[in-house]
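Colleague: Got a structure for you, entry_4.csv, holding CSV, C-alpha atoms and all ligand atoms.
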```
chain,number,residue,atom,x,y,z
A,23,MET,CA,8.6,-3.9,-33.7
A,24,LYS,CA,6.0,-1.2,-32.9
A,25,ALA,CA,7.5,2.2,-32.5
A,26,LYS,CA,7.5,3.4,-28.9
A,27,TYR,CA,4.6,5.6,-28.1
A,28,LYS,CA,5.7,9.1,-27.4
A,29,LYS,CA,3.7,11.1,-24.8
A,30,ILE,CA,2.6,14.6,-25.6
A,31,ASN,CA,1.5,16.8,-22.8
A,32,ARG,CA,-1.0,19.2,-24.6
A,33,ARG,CA,-2.0,20.8,-21.3
A,34,VAL,CA,1.1,23.0,-21.5
A,35,ALA,CA,-0.8,25.2,-23.9
A,36,ASP,CA,-2.9,26.5,-21.0
A,37,ARG,CA,0.0,27.3,-18.7
A,38,ASP,CA,1.0,30.7,-17.6
A,39,PHE,CA,4.1,32.1,-19.2
A,40,LYS,CA,6.7,31.8,-16.5
A,41,TYR,CA,10.4,32.2,-17.3
A,42,TYR,CA,13.5,32.2,-15.2
A,43,ILE,CA,16.9,33.7,-15.3
A,44,PHE,CA,19.5,32.0,-13.2
A,45,ASP,CA,22.9,33.0,-11.9
A,46,TRP,CA,25.1,29.8,-11.7
A,47,ASP,CA,27.7,30.0,-9.0
A,48,ASP,CA,26.3,29.4,-5.5
A,49,ASN,CA,22.8,29.8,-6.9
A,50,ILE,CA,22.5,26.5,-8.8
A,51,LEU,CA,25.7,24.8,-7.7
A,52,HIS,CA,28.5,25.5,-5.3
A,53,MET,CA,31.4,25.1,-7.8
A,54,PRO,CA,34.9,24.1,-6.8
A,55,THR,CA,36.4,26.8,-9.1
A,56,LYS,CA,38.8,29.0,-7.1
A,57,ILE,CA,39.8,32.7,-7.5
A,58,TYR,CA,43.5,33.4,-7.1
A,59,LEU,CA,44.1,36.4,-4.8
A,60,GLU,CA,46.7,37.7,-2.4
A,61,LYS,CA,45.8,38.4,1.2
A,62,LYS,CA,47.5,40.8,3.6
A,63,THR,CA,48.9,39.2,6.7
A,64,GLN,CA,49.0,40.8,10.2
A,65,ASN,CA,52.6,42.0,9.6
A,66,GLY,CA,51.6,43.6,6.3
A,67,GLN,CA,52.9,41.0,3.9
A,68,TRP,CA,51.0,39.8,0.9
A,69,VAL,CA,50.5,36.0,0.6
A,70,GLU,CA,48.8,34.0,-2.1
A,71,GLN,CA,45.4,32.8,-1.2
A,72,THR,CA,42.7,31.1,-3.3
A,73,VAL,CA,39.1,31.9,-2.4
A,74,SER,CA,35.7,30.4,-3.3
A,75,THR,CA,33.1,32.3,-5.3
A,76,ALA,CA,30.9,32.4,-2.1
A,77,LEU,CA,33.7,34.0,-0.1
A,78,PHE,CA,34.6,36.3,-2.9
A,79,SER,CA,31.1,37.8,-3.1
A,80,LEU,CA,31.7,38.9,0.6
A,81,ILE,CA,35.2,40.2,0.3
A,82,ARG,CA,35.3,41.7,-3.2
A,83,ASN,CA,35.3,45.3,-1.9
A,84,ASP,CA,37.9,44.7,0.8
A,85,THR,CA,40.8,46.1,-1.2
A,86,LYS,CA,42.8,46.7,2.0
A,87,ASN,CA,43.2,43.0,2.6
A,88,TYR,CA,42.7,41.3,-0.8
A,89,ARG,CA,44.2,42.1,-4.2
A,90,PRO,CA,44.6,40.2,-7.5
A,91,PRO,CA,48.1,38.7,-8.2
A,92,GLN,CA,50.3,41.2,-10.1
A,93,GLY,CA,47.3,43.6,-10.0
A,94,SER,CA,45.6,41.5,-12.7
A,95,TRP,CA,42.0,40.4,-12.4
A,96,ASP,CA,42.5,38.3,-15.5
A,97,LEU,CA,45.0,36.2,-13.5
A,98,ALA,CA,42.7,36.1,-10.5
A,99,PHE,CA,39.9,34.7,-12.6
A,100,ARG,CA,42.0,32.6,-14.9
A,101,ASP,CA,39.9,29.5,-14.2
A,102,PHE,CA,36.6,31.2,-15.2
A,103,GLN,CA,37.2,31.1,-18.9
A,104,ASP,CA,37.7,28.7,-21.8
A,105,TYR,CA,41.1,28.1,-23.5
A,106,LYS,CA,41.9,27.0,-27.0
A,107,ASN,CA,43.0,23.4,-27.3
A,108,GLU,CA,41.8,22.4,-23.8
A,109,LYS,CA,40.2,18.9,-23.8
A,110,GLU,CA,37.3,20.0,-21.7
A,111,SER,CA,36.4,23.4,-20.2
A,112,GLY,CA,37.1,23.8,-16.6
A,113,PHE,CA,33.5,24.8,-16.2
A,114,LEU,CA,32.3,21.4,-17.3
A,115,LYS,CA,34.8,19.6,-15.1
A,116,ASP,CA,33.7,21.7,-12.1
A,117,THR,CA,30.0,21.3,-12.9
A,118,ARG,CA,30.4,17.5,-13.0
A,119,ALA,CA,32.3,17.5,-9.7
A,120,ALA,CA,29.7,19.8,-8.1
A,121,LEU,CA,26.7,17.7,-9.4
A,122,THR,CA,28.4,14.5,-8.2
A,123,ARG,CA,28.8,15.9,-4.7
A,124,VAL,CA,25.1,17.1,-4.6
A,125,LEU,CA,23.8,13.8,-6.0
A,126,SER,CA,25.8,11.7,-3.5
A,127,GLY,CA,24.5,13.9,-0.7
A,128,ALA,CA,28.0,15.1,0.2
A,129,GLU,CA,27.0,18.7,-0.4
A,130,LYS,CA,23.9,20.8,-0.4
A,131,PRO,CA,22.6,22.0,-3.8
A,132,GLY,CA,22.6,25.7,-4.5
A,133,PRO,CA,19.4,27.6,-3.4
A,134,SER,CA,18.0,27.6,-7.0
A,135,PHE,CA,19.0,24.1,-7.9
A,136,MET,CA,15.5,22.7,-7.6
A,137,SER,CA,14.0,25.7,-9.5
A,138,LEU,CA,16.3,25.0,-12.5
A,139,LYS,CA,15.4,21.3,-12.3
A,140,GLU,CA,11.6,22.2,-12.3
A,141,THR,CA,12.1,24.7,-15.1
A,142,LEU,CA,13.8,22.0,-17.2
A,143,VAL,CA,11.2,19.3,-16.4
A,144,GLU,CA,8.4,21.7,-17.3
A,145,GLY,CA,10.2,22.6,-20.5
A,146,ARG,CA,10.0,26.3,-19.8
A,147,LEU,CA,12.4,28.8,-21.3
A,148,PHE,CA,15.2,30.1,-19.2
A,149,ALA,CA,18.5,32.0,-19.3
A,150,ILE,CA,21.7,31.4,-17.5
A,151,VAL,CA,23.4,34.7,-16.8
A,152,THR,CA,26.8,34.4,-15.1
A,153,ALA,CA,29.7,36.8,-14.5
A,154,ARG,CA,32.0,34.0,-15.8
A,155,GLY,CA,33.9,34.3,-19.1
A,156,HIS,CA,33.2,30.9,-20.8
A,157,GLU,CA,31.7,30.4,-24.2
A,158,SER,CA,28.0,30.4,-24.5
A,159,ALA,CA,28.2,26.9,-25.9
A,160,THR,CA,30.1,25.7,-22.8
A,161,ILE,CA,27.3,27.0,-20.5
A,162,ARG,CA,24.8,25.2,-22.7
A,163,GLN,CA,26.8,21.9,-22.4
A,164,ALA,CA,26.7,22.4,-18.6
A,165,VAL,CA,22.9,22.6,-18.7
A,166,GLN,CA,22.9,19.4,-20.8
A,167,MET,CA,25.1,17.8,-18.2
A,168,PHE,CA,22.7,18.9,-15.5
A,169,ILE,CA,19.8,17.2,-17.4
A,170,ASP,CA,21.8,14.0,-17.9
A,171,MET,CA,22.9,13.8,-14.3
A,172,ALA,CA,20.2,15.4,-12.1
A,173,LEU,CA,17.0,14.3,-13.8
A,174,THR,CA,15.6,10.9,-13.1
A,175,PRO,CA,14.4,8.8,-16.1
A,176,ALA,CA,10.8,9.6,-15.2
A,177,GLU,CA,11.6,13.3,-15.0
A,178,ASN,CA,13.3,13.1,-18.4
A,179,GLU,CA,10.2,11.5,-19.9
A,180,THR,CA,8.0,14.2,-18.4
A,181,MET,CA,10.3,16.9,-19.8
A,182,LEU,CA,10.1,15.4,-23.3
A,183,ALA,CA,6.3,15.1,-23.1
A,184,ASN,CA,6.1,18.8,-22.2
A,185,LEU,CA,8.5,19.8,-24.9
A,186,ARG,CA,6.4,17.9,-27.5
A,187,GLY,CA,3.4,19.6,-26.0
A,188,TYR,CA,4.9,23.1,-26.6
A,189,ARG,CA,5.9,22.1,-30.1
A,190,ALA,CA,2.4,21.0,-30.9
A,191,ALA,CA,0.8,24.0,-29.3
A,192,PHE,CA,3.1,26.8,-30.5
A,193,ASP,CA,4.8,25.4,-33.6
A,194,ASN,CA,1.8,23.4,-34.9
A,195,LEU,CA,3.8,20.3,-35.0
A,196,SER,CA,2.1,16.9,-35.3
A,197,GLU,CA,5.2,14.9,-36.0
A,198,PHE,CA,8.2,15.2,-33.7
A,199,GLY,CA,11.9,14.7,-34.1
A,200,SER,CA,13.9,12.2,-32.0
A,201,ASP,CA,14.2,12.9,-28.3
A,202,VAL,CA,17.7,14.2,-28.9
A,203,ASP,CA,16.5,16.5,-31.6
A,204,GLU,CA,13.6,17.9,-29.5
A,205,LEU,CA,15.9,18.5,-26.5
A,206,GLU,CA,18.4,20.2,-28.8
A,207,TYR,CA,15.7,22.5,-30.2
A,208,TYR,CA,14.6,23.4,-26.7
A,209,LEU,CA,18.1,24.1,-25.5
A,210,SER,CA,18.7,26.3,-28.6
A,211,LEU,CA,15.8,28.5,-27.6
A,212,ASN,CA,17.3,29.4,-24.2
A,213,ARG,CA,20.0,31.9,-23.5
A,214,TYR,CA,23.4,31.3,-22.0
A,215,HIS,CA,25.2,34.5,-21.2
A,216,ALA,CA,28.7,34.6,-19.6
A,217,VAL,CA,29.1,38.4,-19.4
A,218,THR,CA,32.9,38.6,-19.1
A,219,ASN,CA,33.3,36.4,-22.3
A,220,PRO,CA,35.2,38.4,-25.0
A,221,ARG,CA,32.5,37.6,-27.5
A,222,PHE,CA,29.7,38.8,-25.2
A,223,LYS,CA,31.6,42.1,-24.5
A,224,LYS,CA,32.0,42.6,-28.2
A,225,TRP,CA,28.3,42.1,-28.8
A,226,LEU,CA,27.4,44.3,-25.9
A,227,ASN,CA,29.6,47.1,-27.3
A,228,SER,CA,28.0,46.8,-30.7
A,229,VAL,CA,24.5,47.2,-29.4
A,230,VAL,CA,24.7,49.7,-26.6
A,231,GLY,CA,25.4,53.4,-26.7
A,232,ASP,CA,28.5,55.2,-25.5
A,233,GLU,CA,26.9,56.1,-22.3
A,234,GLU,CA,26.2,52.5,-21.5
A,235,LYS,CA,29.6,51.3,-22.5
A,236,GLU,CA,31.1,53.1,-19.5
A,237,ARG,CA,28.9,51.1,-17.3
A,238,GLN,CA,30.3,47.7,-18.0
A,239,GLU,CA,29.2,46.4,-14.6
A,240,GLN,CA,25.7,46.6,-16.0
A,241,SER,CA,26.4,43.8,-18.5
A,242,LYS,CA,24.4,41.4,-16.3
A,243,GLN,CA,21.4,43.7,-16.5
A,244,PHE,CA,21.8,43.9,-20.2
A,245,ALA,CA,21.9,40.1,-20.6
A,246,ILE,CA,18.6,40.1,-18.7
A,247,ARG,CA,17.0,42.6,-21.0
A,248,ASP,CA,18.2,40.5,-24.0
A,249,PHE,CA,16.4,37.5,-22.6
A,250,VAL,CA,13.1,39.4,-21.9
A,251,GLU,CA,13.2,40.8,-25.4
A,252,HIS,CA,13.9,37.3,-26.7
A,253,ILE,CA,10.9,35.7,-25.1
A,254,ILE,CA,8.6,38.5,-26.0
A,255,ARG,CA,9.8,38.1,-29.6
A,256,LEU,CA,9.3,34.3,-29.5
A,257,MET,CA,5.8,34.8,-28.1
A,258,SER,CA,4.8,37.4,-30.7
A,259,LEU,CA,5.8,35.0,-33.4
A,260,SER,CA,3.4,32.4,-32.2
A,261,ASP,CA,-0.3,32.9,-33.1
A,262,LYS,CA,-1.4,30.5,-30.5
A,263,GLY,CA,-3.6,31.3,-27.5
A,264,LEU,CA,-1.6,34.1,-25.9
A,265,GLY,CA,-4.8,35.6,-24.6
A,266,HIS,CA,-4.3,37.7,-21.5
A,267,ARG,CA,-2.3,35.3,-19.5
A,268,SER,CA,0.2,36.6,-17.2
A,269,ILE,CA,3.9,36.7,-18.1
A,270,SER,CA,6.4,36.6,-15.3
A,271,VAL,CA,10.1,36.6,-15.4
A,272,GLY,CA,12.0,35.4,-12.3
A,273,PHE,CA,15.7,36.3,-11.6
A,274,SER,CA,17.7,34.5,-9.0
A,275,ASP,CA,21.2,35.4,-7.8
A,276,ASP,CA,23.1,34.8,-4.5
A,277,ASP,CA,25.2,38.0,-4.8
A,278,ALA,CA,23.4,40.8,-2.8
A,279,ALA,CA,25.2,43.5,-4.8
A,280,ASN,CA,24.0,42.0,-8.1
A,281,VAL,CA,20.5,41.6,-6.8
A,282,ARG,CA,20.4,45.3,-5.8
A,283,ALA,CA,21.7,46.4,-9.2
A,284,VAL,CA,19.3,44.2,-11.1
A,285,GLU,CA,16.3,45.3,-8.9
A,286,GLU,CA,17.2,48.9,-9.6
A,287,TYR,CA,17.6,48.2,-13.3
A,288,ILE,CA,14.2,46.4,-13.5
A,289,ARG,CA,12.5,49.3,-11.7
A,290,ARG,CA,14.2,52.0,-13.8
A,291,GLU,CA,14.2,50.3,-17.3
A,292,LEU,CA,12.5,47.0,-17.7
A,293,SER,CA,9.3,47.7,-15.9
A,294,ARG,CA,8.9,50.8,-18.3
A,295,HIS,CA,9.8,48.8,-21.4
A,296,PHE,CA,7.7,45.8,-20.4
A,297,PRO,CA,4.8,47.2,-18.2
A,298,SER,CA,2.8,44.0,-18.5
A,299,VAL,CA,5.6,41.7,-17.3
A,300,LYS,CA,5.7,40.7,-13.7
A,301,PHE,CA,9.4,40.6,-12.5
A,302,VAL,CA,10.2,38.5,-9.5
A,303,ILE,CA,13.6,38.6,-7.9
A,304,TYR,CA,14.9,35.9,-5.7
A,305,ASP,CA,17.8,37.1,-3.6
A,306,THR,CA,19.4,33.8,-2.5
A,307,SER,CA,22.3,35.4,-0.6
A,308,ASP,CA,20.8,34.6,2.9
A,309,LYS,CA,21.6,30.9,3.6
A,310,ALA,CA,18.9,30.9,6.4
A,311,LEU,CA,16.1,31.3,3.8
A,312,PRO,CA,15.8,28.1,1.8
A,313,ASN,CA,14.3,29.7,-1.3
A,314,GLY,CA,15.7,33.1,-0.9
A,315,ARG,CA,14.1,36.5,-0.3
A,316,LYS,CA,11.4,37.1,-2.9
A,317,VAL,CA,10.7,40.6,-4.3
A,318,VAL,CA,8.0,41.3,-6.9
A,319,VAL,CA,9.1,44.4,-8.8
A,320,SER,CA,6.3,45.4,-11.1
A,321,GLY,CA,2.6,44.8,-11.1
A,322,GLN,CA,0.6,42.9,-13.6
A,323,LEU,CA,-1.2,44.8,-16.3
A,324,GLY,CA,-3.1,43.5,-19.4
A,325,PHE,CA,-0.9,42.4,-22.2
A,326,ASP,CA,-1.8,42.7,-25.9
A,327,PHE,CA,0.1,41.8,-28.9
B,1,MG,MG,26.6,33.6,-7.8
```
Have the structure of the file written as structure tokens, please.
Modeller:
Amino acid sequence: MKAKYKKINRRVADRDFKYYIFDWDDNILHMPTKIYLEKKTQNGQWVEQTVSTALFSLIRNDTKNYRPPQGSWDLAFRDFQDYKNEKESGFLKDTRAALTRVLSGAEKPGPSFMSLKETLVEGRLFAIVTARGHESATIRQAVQMFIDMALTPAENETMLANLRGYRAAFDNLSEFGSDVDELEYYLSLNRYHAVTNPRFKKWLNSVVGDEEKERQEQSKQFAIRDFVEHIIRLMSLSDKGLGHRSISVGFSDDDAANVRAVEEYIRRELSRHFPSVKFVIYDTSDKALPNGRKVVVSGQLGFDF
């Protein structure tokens, strides 16, 4: 039997360098994961109440009316991390449930759902940066699940043709691995940061100075810087046709406070470190705007390696 002809999209070599960083909850999917809190009633009593991530982003500073159980945020967010000996991470169960609801039309996808899908089909590099505490490998498995469930067979074919195109253009490959191997390779190039994961925190503490350690809330910004450094490193390793094409990095998040903090960080730090990169922020907090509010943070300059 003749081996199946594998398509290679060599035109990817001429594409602009466009990368994305995605928040997960309520940006890609509305997850069923709940946060355990206590809410003050009218007569001043505290009662247990679970809230969604979407509601939490609105009430998280309302300490008068909401508090974590026994004063412990770990207890409040107990479903946002992985546990030893569990059969499957709650993150994967919830991702499957959320995807099933979206694909059956029972629920709207998150505002950046289509952007993630396009990014995957185009085979572009991306990062998932979430405030969750799961293992990086778990987030990657969720992306694999997204590919398996949300991409049509035709989209899957297009993705693989693009991935082979990048391998041919940037890694000088003329023979390719199996589809599974090529997808694995692509997924290994991306970043999956859950910034409240103990391992992530340890890593953060090992690479930042004391001054920055005190600003733990900036771990999301740090994960973003890591991704930008990662793609610049990958590109500088490749000798192929970098030319003076533009590099842009998009960041999408539905939490207005996060968006403000990241925008500030990009203006203050990243645009200075990477003056040639165009940063585009998608604030997806406003449900009335289908693709979010778009802010371009820094201008485009020439880029030389
Ligand atoms: Mg979110």
Colleague: Within 10 Å of ligand MG 1 (chain B), counting all atoms listed in the file, which protein or nucleic acid residues do you find, written as a short mmCIF file (atom, residue, chain, number, x, y, z; two decimals) with C-alpha atoms, in the coordinates of the input?
Modeller:
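Once written, part.cif looks like this:
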```cif
data_model
loop_
_atom_site.label_atom_id
_atom_site.label_comp_id
_atom_site.auth_asym_id
_atom_site.auth_seq_id
_atom_site.Cartn_x
_atom_site.Cartn_y
_atom_site.Cartn_z
CA PHE A 44 19.50 32.00 -13.20
CA ASP A 45 22.90 33.00 -11.90
CA TRP A 46 25.10 29.80 -11.70
CA ASP A 47 27.70 30.00 -9.00
CA ASP A 48 26.30 29.40 -5.50
CA ASN A 49 22.80 29.80 -6.90
CA ILE A 50 22.50 26.50 -8.80
CA LEU A 51 25.70 24.80 -7.70
CA HIS A 52 28.50 25.50 -5.30
CA MET A 53 31.40 25.10 -7.80
CA THR A 75 33.10 32.30 -5.30
CA ALA A 76 30.90 32.40 -2.10
CA PHE A 78 34.60 36.30 -2.90
CA SER A 79 31.10 37.80 -3.10
CA GLY A 132 22.60 25.70 -4.50
CA VAL A 151 23.40 34.70 -16.80
CA THR A 152 26.80 34.40 -15.10
CA ALA A 153 29.70 36.80 -14.50
CA ARG A 154 32.00 34.00 -15.80
CA SER A 274 17.70 34.50 -9.00
CA ASP A 275 21.20 35.40 -7.80
CA ASP A 276 23.10 34.80 -4.50
CA ASP A 277 25.20 38.00 -4.80
CA ALA A 278 23.40 40.80 -2.80
CA ASN A 280 24.00 42.00 -8.10
CA THR A 306 19.40 33.80 -2.50
CA SER A 307 22.30 35.40 -0.60
#
```
Colleague: As a PyMOL selection string, please: the residues near A:His215 (cut-off 12 Å, only C-alpha atoms, same-chain neighbours under 4 positions excluded).
Modeller: chain A and resi 43-46+148-162+219-223+225-226+241-249
Colleague: Pull C-alpha atoms from the residues just selected and write them as a PDB file, in the frame of the given file.
Modeller:
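In the end it all went to result-v3.pdb:
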```
ATOM      1  CA  ILE A  43      16.900  33.700 -15.300  1.00  0.00           C
ATOM      2  CA  PHE A  44      19.500  32.000 -13.200  1.00  0.00           C
ATOM      3  CA  ASP A  45      22.900  33.000 -11.900  1.00  0.00           C
ATOM      4  CA  TRP A  46      25.100  29.800 -11.700  1.00  0.00           C
ATOM      5  CA  PHE A 148      15.200  30.100 -19.200  1.00  0.00           C
ATOM      6  CA  ALA A 149      18.500  32.000 -19.300  1.00  0.00           C
ATOM      7  CA  ILE A 150      21.700  31.400 -17.500  1.00  0.00           C
ATOM      8  CA  VAL A 151      23.400  34.700 -16.800  1.00  0.00           C
ATOM      9  CA  THR A 152      26.800  34.400 -15.100  1.00  0.00           C
ATOM     10  CA  ALA A 153      29.700  36.800 -14.500  1.00  0.00           C
ATOM     11  CA  ARG A 154      32.000  34.000 -15.800  1.00  0.00           C
ATOM     12  CA  GLY A 155      33.900  34.300 -19.100  1.00  0.00           C
ATOM     13  CA  HIS A 156      33.200  30.900 -20.800  1.00  0.00           C
ATOM     14  CA  GLU A 157      31.700  30.400 -24.200  1.00  0.00           C
ATOM     15  CA  SER A 158      28.000  30.400 -24.500  1.00  0.00           C
ATOM     16  CA  ALA A 159      28.200  26.900 -25.900  1.00  0.00           C
ATOM     17  CA  THR A 160      30.100  25.700 -22.800  1.00  0.00           C
ATOM     18  CA  ILE A 161      27.300  27.000 -20.500  1.00  0.00           C
ATOM     19  CA  ARG A 162      24.800  25.200 -22.700  1.00  0.00           C
ATOM     20  CA  ASN A 219      33.300  36.400 -22.300  1.00  0.00           C
ATOM     21  CA  PRO A 220      35.200  38.400 -25.000  1.00  0.00           C
ATOM     22  CA  ARG A 221      32.500  37.600 -27.500  1.00  0.00           C
ATOM     23  CA  PHE A 222      29.700  38.800 -25.200  1.00  0.00           C
ATOM     24  CA  LYS A 223      31.600  42.100 -24.500  1.00  0.00           C
ATOM     25  CA  TRP A 225      28.300  42.100 -28.800  1.00  0.00           C
ATOM     26  CA  LEU A 226      27.400  44.300 -25.900  1.00  0.00           C
ATOM     27  CA  SER A 241      26.400  43.800 -18.500  1.00  0.00           C
ATOM     28  CA  LYS A 242      24.400  41.400 -16.300  1.00  0.00           C
ATOM     29  CA  GLN A 243      21.400  43.700 -16.500  1.00  0.00           C
ATOM     30  CA  PHE A 244      21.800  43.900 -20.200  1.00  0.00           C
ATOM     31  CA  ALA A 245      21.900  40.100 -20.600  1.00  0.00           C
ATOM     32  CA  ILE A 246      18.600  40.100 -18.700  1.00  0.00           C
ATOM     33  CA  ARG A 247      17.000  42.600 -21.000  1.00  0.00           C
ATOM     34  CA  ASP A 248      18.200  40.500 -24.000  1.00  0.00           C
ATOM     35  CA  PHE A 249      16.400  37.500 -22.600  1.00  0.00           C
TER      36      PHE A 249
END
```
Colleague: One decimal, Å: what's the distance from atom CA of A:Phe99 over to atom CA of A:Glu285, could you say?
Modeller: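 Those two atoms sit 26.1 Å apart.
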Colleague: Have a look at atom CA of A:Ser210 and atom CA of A:Asp96 and let me know their distance in Å, one decimal.
Modeller: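 A separation of 29.7 Å between them.
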Colleague: Quick one: distance from atom CA of A:Thr72 to atom CA of A:Asp84 in Å, one decimal?
Modeller: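 Result for atom CA of A:Thr72 versus atom CA of A:Asp84: 15.0 Å, one decimal.
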Colleague: Quick one: of A:Asn31, A:Gln103, A:Thr85, A:Ser258, who's nearest to A:Ala216, counting only C-alpha atoms?
Modeller: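 Smallest separation from A:Ala216 among the options: A:Gln103.
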